[in-house]
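Student: Got a structure for you, written out below as structure tokens; questions coming shortly.
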Amino acid sequence: MLKPRVRFAPSPTGKLHLGSARTALFNFLFARSQKGVFLLRIDDTDKIRSKKEYEEDILDSLNWLGLYSDEEIVRQSERLDLYEKIIKALLDKGYAYYCFCSKEELEARRQEQLTRGEVPRYSGKCRQLTSQEVNQKLAKGEKYVIRLKVPEKKITYKDFLRGEIPYDFRLLGDFVIAKNEREPLYLLTSPIDDHYQGITHVIRGEDHLPNTPKQLLIFKYLEWEPPIFVHLPLILGPDGSKLSKRHGAKSISEYREAGFLPEALINFLALLGWHPEGDREIITLEEMIREFKLEKLNKTPARFNFSKLIFFNRYYLKQKPNNDLLQLLDFSNYGNWQNDNFLALNGLNYSREKILKIINLGKERASVVNEILLTVDFFFKDFDYDKNLLLWKNSSFEEIKINLQAIENEFRKLKEEEFKSEKLKQILDNLAGENKGPVFWPLRVALSGKEASPPPFELAEVFGKEKTLELINKALKKLGD
RNA sequence: GCCCCCAUCGUCUAAUGGUUAGGACACCAGCUUCUCAAGCUGGAAAUACCGGUUCGAAUCCGGUUGGGGGCACCA
């Protein structure tokens, strides 16, 4: 098989969303798996809706996901000369013609047809115009568009996943391919670029399925070999309807800001419509490349399942080296970095090593990056809690107080360098015997102020001897009266 | 309204004429455990419906129903 060349061609009229990202991913996987080429093309022919900020968002998001273009990015807005040449050729050969019908006129006709229960289609009125009439109108400066002549016949076209699909051109009518020679429309520019870029496979969303016969017609008129078309099923919302803002659907950049990892998003997206060999579902981009087969793509629309995304993100969060997470975390709410040391709001000074330890404790309990520090924020700021929280099940204040005093007593004997979690756990185990609750629980609350947190001996090590004793005494004071 | 596509547990999916219909997420129970999270073990849970082809159908064919997409001087 020839080395494939594929493209992902978003139009910058919005941020990169989940569906588009998955289309990009499958294009990328197919190219890489076949040692082919993956291209990025910006389909920005709509001058009004296209925005530079959206293009930047799309490019940033793709980079973040690790989906890089193999060649320089092509922008359709920079290829107007090429399109103009093709439009003129189509006009010359009689495959396209000028249409001077006004929008109002067309809309009225459309409504008429609709009320009669007919298929709304252009009548082909301006097809009849002689070249003389056309030239006169042109000379007068009348507004026009350029339409493609559509044959009156039924055809069948091929989709890689679905096979032969019937299509009746008689239901279509001559469609607009350009507003004028310098303002081509997507329906025209896409096949032109696919041809000149040597695209072998067009892998795109199923919403483009009905566009395919139209574009195939252009390939035919221009006597070009068309690419293979592969239409991907759409991603639906959790309720099976079209994925939209209503479902909390976010752009890739918003997921990034919300603390999702690219590995998680990639893994999640890949499994929406594709599956590797065997039963495993945790899979890296490199492994996907090795296994990817176009034939294995699904035809069924997949619903977006948020809890599975969370599952993947938790998993990849735990896999991620603490050093990498350090780069991603925002500490500004909790203090400042000074020469590789972190000065927290509560006055404590943490070495880089301790910060990594804190991250390690936090990431075990977080779903998204931003939650890591949130789950262990007691390390960074002063906290308070209700006295009753210190109570373990049906133990008494008196019992808790005695236990905390005993812990304080034992901890005080340790040298600073002995203040390590294994050692501390040993002490607590000895103190508690069989019944650990009345010892571990109050200490954990004293050190975290929370119902749920990492184990107390881990907290104590990070806090260090002095702060740990201080926090225990604070708890004892609460129990004092 | 017309055209097209699609149909396996709640969700994502595996099984391309012969399996006790497999896995994952979520859910439930148990184990572990000071809490939370993680982990381990187990459980409940599906071939939309009706016909046909076949010794045999989730799988092939037809219809019904349901869902989705499209019918622009957007892409």
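Going through the structure tokens in order, the chains are called A, B, and so on, while each chain numbers its residues from 1 and the ligands are numbered from 1 in the order shown.
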Please identify all polymer residues within 12 Å of U65 of chain B, counting only C-alpha atoms (C1' of nucleotides), omitting same-chain residues fewer than 4 positions from it, and present them as a list of chain:residue names.

Tutor: B:A7, B:A48, B:C49, B:C50

Student: Could the residues in this selection be saved with N, CA and C atoms (P, O5', C5', C4', C3', O3' and C1' of nucleotides) as a PDB file, in the first residue's frame?

Tutor:
ATOM      1  P     A B   7     -24.519  -0.726  13.503  1.00  0.00           P
ATOM      2  O5'   A B   7     -25.506  -0.600  14.767  1.00  0.00           O
ATOM      3  C5'   A B   7     -25.002   0.062  15.962  1.00  0.00           C
ATOM      4  C4'   A B   7     -26.032  -0.078  17.070  1.00  0.00           C
ATOM      5  C3'   A B   7     -26.386  -1.539  17.377  1.00  0.00           C
ATOM      6  O3'   A B   7     -26.198  -2.003  18.698  1.00  0.00           O
ATOM      7  C1'   A B   7     -28.333  -0.300  16.659  1.00  0.00           C
ATOM      8  P     A B  48     -30.049  -5.870  19.756  1.00  0.00           P
ATOM      9  O5'   A B  48     -31.492  -5.764  20.402  1.00  0.00           O
ATOM     10  C5'   A B  48     -31.656  -5.211  21.704  1.00  0.00           C
ATOM     11  C4'   A B  48     -33.048  -4.629  21.817  1.00  0.00           C
ATOM     12  C3'   A B  48     -34.116  -5.437  21.071  1.00  0.00           C
ATOM     13  O3'   A B  48     -34.653  -6.438  21.919  1.00  0.00           O
ATOM     14  C1'   A B  48     -34.233  -3.175  20.407  1.00  0.00           C
ATOM     15  P     C B  49     -35.037  -7.877  21.287  1.00  0.00           P
ATOM     16  O5'   C B  49     -36.368  -7.535  20.489  1.00  0.00           O
ATOM     17  C5'   C B  49     -37.512  -7.050  21.177  1.00  0.00           C
ATOM     18  C4'   C B  49     -38.587  -6.715  20.174  1.00  0.00           C
ATOM     19  C3'   C B  49     -38.855  -7.809  19.153  1.00  0.00           C
ATOM     20  O3'   C B  49     -39.762  -8.775  19.661  1.00  0.00           O
ATOM     21  C1'   C B  49     -38.584  -5.754  18.030  1.00  0.00           C
ATOM     22  P     C B  50     -39.601 -10.319  19.196  1.00  0.00           P
ATOM     23  O5'   C B  50     -40.233 -10.275  17.736  1.00  0.00           O
ATOM     24  C5'   C B  50     -41.558  -9.788  17.550  1.00  0.00           C
ATOM     25  C4'   C B  50     -41.883  -9.742  16.090  1.00  0.00           C
ATOM     26  C3'   C B  50     -41.422 -10.955  15.296  1.00  0.00           C
ATOM     27  O3'   C B  50     -42.302 -12.045  15.464  1.00  0.00           O
ATOM     28  C1'   C B  50     -40.853  -8.993  14.117  1.00  0.00           C
TER      29        C B  50
END

Student: Please provide as a short mmCIF file (atom, residue, chain, number, x, y, z; two decimals) with N, CA and C atoms, in the first residue's frame all residues within 9 Å of Gly66 of chain A, with the sequence filter that same-chain residues fewer than 5 positions apart are discarded (counting only C-alpha atoms (C1' of nucleotides)).

Tutor:
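Now in around_25.cif:
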data_model
loop_
_atom_site.label_atom_id
_atom_site.label_comp_id
_atom_site.auth_asym_id
_atom_site.auth_seq_id
_atom_site.Cartn_x
_atom_site.Cartn_y
_atom_site.Cartn_z
N SER A 61 -3.84 23.30 21.43
CA SER A 61 -4.45 22.08 21.95
C SER A 61 -3.87 20.83 21.29
N PRO A 262 -3.07 15.18 29.08
CA PRO A 262 -3.25 14.80 27.68
C PRO A 262 -3.30 13.28 27.49
N LEU A 285 -0.06 6.48 23.53
CA LEU A 285 -0.10 6.89 22.13
C LEU A 285 0.81 6.01 21.28
#

Student: Show which residues sit within 12 Å of Glu470 of chain A, as a list in words. Count only C-alpha atoms (C1' of nucleotides), and ignore same-chain residues fewer than 4 positions away.

Tutor: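 So the residues in contact are Asp382, Leu404, Glu408, Phe411, Arg412, Leu443, Ala446, Leu447, Ala460, Phe463, Gly464, Lys465, Glu466, Lys474, Ala475, Leu476 and Lys477 of chain A.
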
Student: At a cut-off of 12 Å, using only C-alpha atoms (C1' of nucleotides), what residues contact segment 342-344 of chain A? Leave out same-chain residues fewer than 2 positions from it and give the result as a PyMOL selection string.

Tutor: chain A and resi 326+331-340+346-356+358+377-382+463

Student: Tell me, in Å to one decimal, how far atom CA of Lys143 of chain A is from atom CA of Lys125 of chain A.

Tutor: 15.4 Å

Student: Can you pull out every residue from segment 49-283 of chain A that DSSP, working from the backbone, puts in helix (DSSP H, G or I), and format the result as an NGL selection string?

Tutor: :A and (52-65 or 76-78 or 80-92 or 103-115 or 125-128 or 131-140 or 169-171 or 186-196 or 206-221 or 245-247 or 252-257 or 262-270)

Student: Excluding Glu295 of chain A and residues on its chain fewer than 6 positions from it, collect all residues at most 12 Å away from it, counting only C-alpha atoms (C1' of nucleotides), and give them as a list in words.

Tutor: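 Residues near the query, excluding close chain neighbours: Phe26, Phe30, Asp159, Phe160, Leu161, Arg162, Gly163, Val230, His231, Leu232, Gly273, Trp274, His275 and Pro276 of chain A; U16 of chain B.
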
Student: Put those residues in a file: C-alpha atoms (C1' of nucleotides), as an mmCIF file, in the first residue's frame.

Tutor:
data_model
loop_
_atom_site.group_PDB
_atom_site.id
_atom_site.type_symbol
_atom_site.label_atom_id
_atom_site.label_comp_id
_atom_site.auth_asym_id
_atom_site.auth_seq_id
_atom_site.Cartn_x
_atom_site.Cartn_y
_atom_site.Cartn_z
ATOM 1 C CA PHE A 26 -7.475 8.964 14.324
ATOM 2 C CA PHE A 30 -3.483 6.130 10.850
ATOM 3 C CA ASP A 159 -17.311 5.149 2.335
ATOM 4 C CA PHE A 160 -14.478 3.040 3.687
ATOM 5 C CA LEU A 161 -16.404 1.884 6.753
ATOM 6 C CA ARG A 162 -19.933 1.758 5.361
ATOM 7 C CA GLY A 163 -19.443 0.559 1.820
ATOM 8 C CA VAL A 230 -13.617 7.483 5.963
ATOM 9 C CA HIS A 231 -16.450 8.935 8.013
ATOM 10 C CA LEU A 232 -16.185 8.709 11.758
ATOM 11 C CA GLY A 273 -14.872 4.146 18.412
ATOM 12 C CA TRP A 274 -11.715 2.098 18.454
ATOM 13 C CA HIS A 275 -10.299 -0.738 20.544
ATOM 14 C CA PRO A 276 -6.868 -2.354 20.826
ATOM 15 C "C1'" U B 16 -16.364 -10.892 11.464
#

Student: If you count only C-alpha atoms (C1' of nucleotides), which residues fall within 9 Å of segment 67-83 of chain A, apart from same-chain ones fewer than 3 positions away, as JSON, numbers by chain?

Tutor: {"A": [7, 8, 24, 25, 28, 37, 38, 39, 40, 41, 42, 43, 44, 45, 46, 47, 61, 62, 63, 64, 86, 87, 88, 181, 182, 183, 184, 188, 189, 190, 192, 193]}

Student: Give me, please, the distance in Å between atom CA of Asn267 of chain A and atom C1' of A14 of chain B, quoted to one decimal.

Tutor: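 Taking atom CA of Asn267 of chain A as the start and atom C1' of A14 of chain B as the end point, the length is 17.4 Å.
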
Student: Counting only C-alpha atoms (C1' of nucleotides), which residues of chain B sit at most 9 Å from some atom of chain A, and what is each one's closest atom pair with its distance in Å to one decimal, listed by chain and rising residue number, as a tab-separated table?

Tutor:
residue	atom	partner	partner_atom	distance
B:G1	C1'	A:Gly117	CA	5.9
B:C2	C1'	A:Val119	CA	6.0
B:C3	C1'	A:Leu171	CA	7.8
B:C4	C1'	A:Pro210	CA	7.0
B:C5	C1'	A:Glu206	CA	8.1
B:C6	C1'	A:Thr300	CA	5.6
B:A7	C1'	A:Thr300	CA	7.6
B:U11	C1'	A:Asn305	CA	6.2
B:C12	C1'	A:Leu272	CA	6.4
B:U13	C1'	A:His275	CA	7.3
B:A14	C1'	A:Asp279	CA	7.5
B:G22	C1'	A:Asp279	CA	8.2
B:G23	C1'	A:Asp279	CA	5.0
B:A24	C1'	A:Glu281	CA	6.6
B:C25	C1'	A:Lys308	CA	4.9
B:A26	C1'	A:Ser307	CA	7.0
B:C34	C1'	A:Gly437	CA	4.3
B:U35	C1'	A:Ala452	CA	4.8
B:C36	C1'	A:Ala452	CA	4.4
B:A37	C1'	A:Arg365	CA	4.7
B:A38	C1'	A:Glu364	CA	7.0
B:G67	C1'	A:Gly240	CA	7.3
B:G68	C1'	A:Pro301	CA	7.5
B:G69	C1'	A:Asp207	CA	5.4
B:G70	C1'	A:Pro210	CA	6.0
B:C71	C1'	A:Pro120	CA	7.5
B:C73	C1'	A:Lys179	CA	5.6
B:C74	C1'	A:Asp46	CA	7.4
B:A75	C1'	A:Tyr186	CA	6.4

Student: Grab the atom CA of Leu471 of chain A to atom CA of Ser396 of chain A distance for me, in Å with one decimal place.

Tutor: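 It comes out at 20.0 Å.
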
Student: Go through A:Asn323, A:Glu286, A:Glu254, A:Pro227 one by one, measure the shortest atom-to-atom distance of each to Thr200 of chain A using only C-alpha atoms, and give the residue with the smallest value.

Tutor: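 With only C-alpha atoms as the atom set, the closest residue is A:Pro227.
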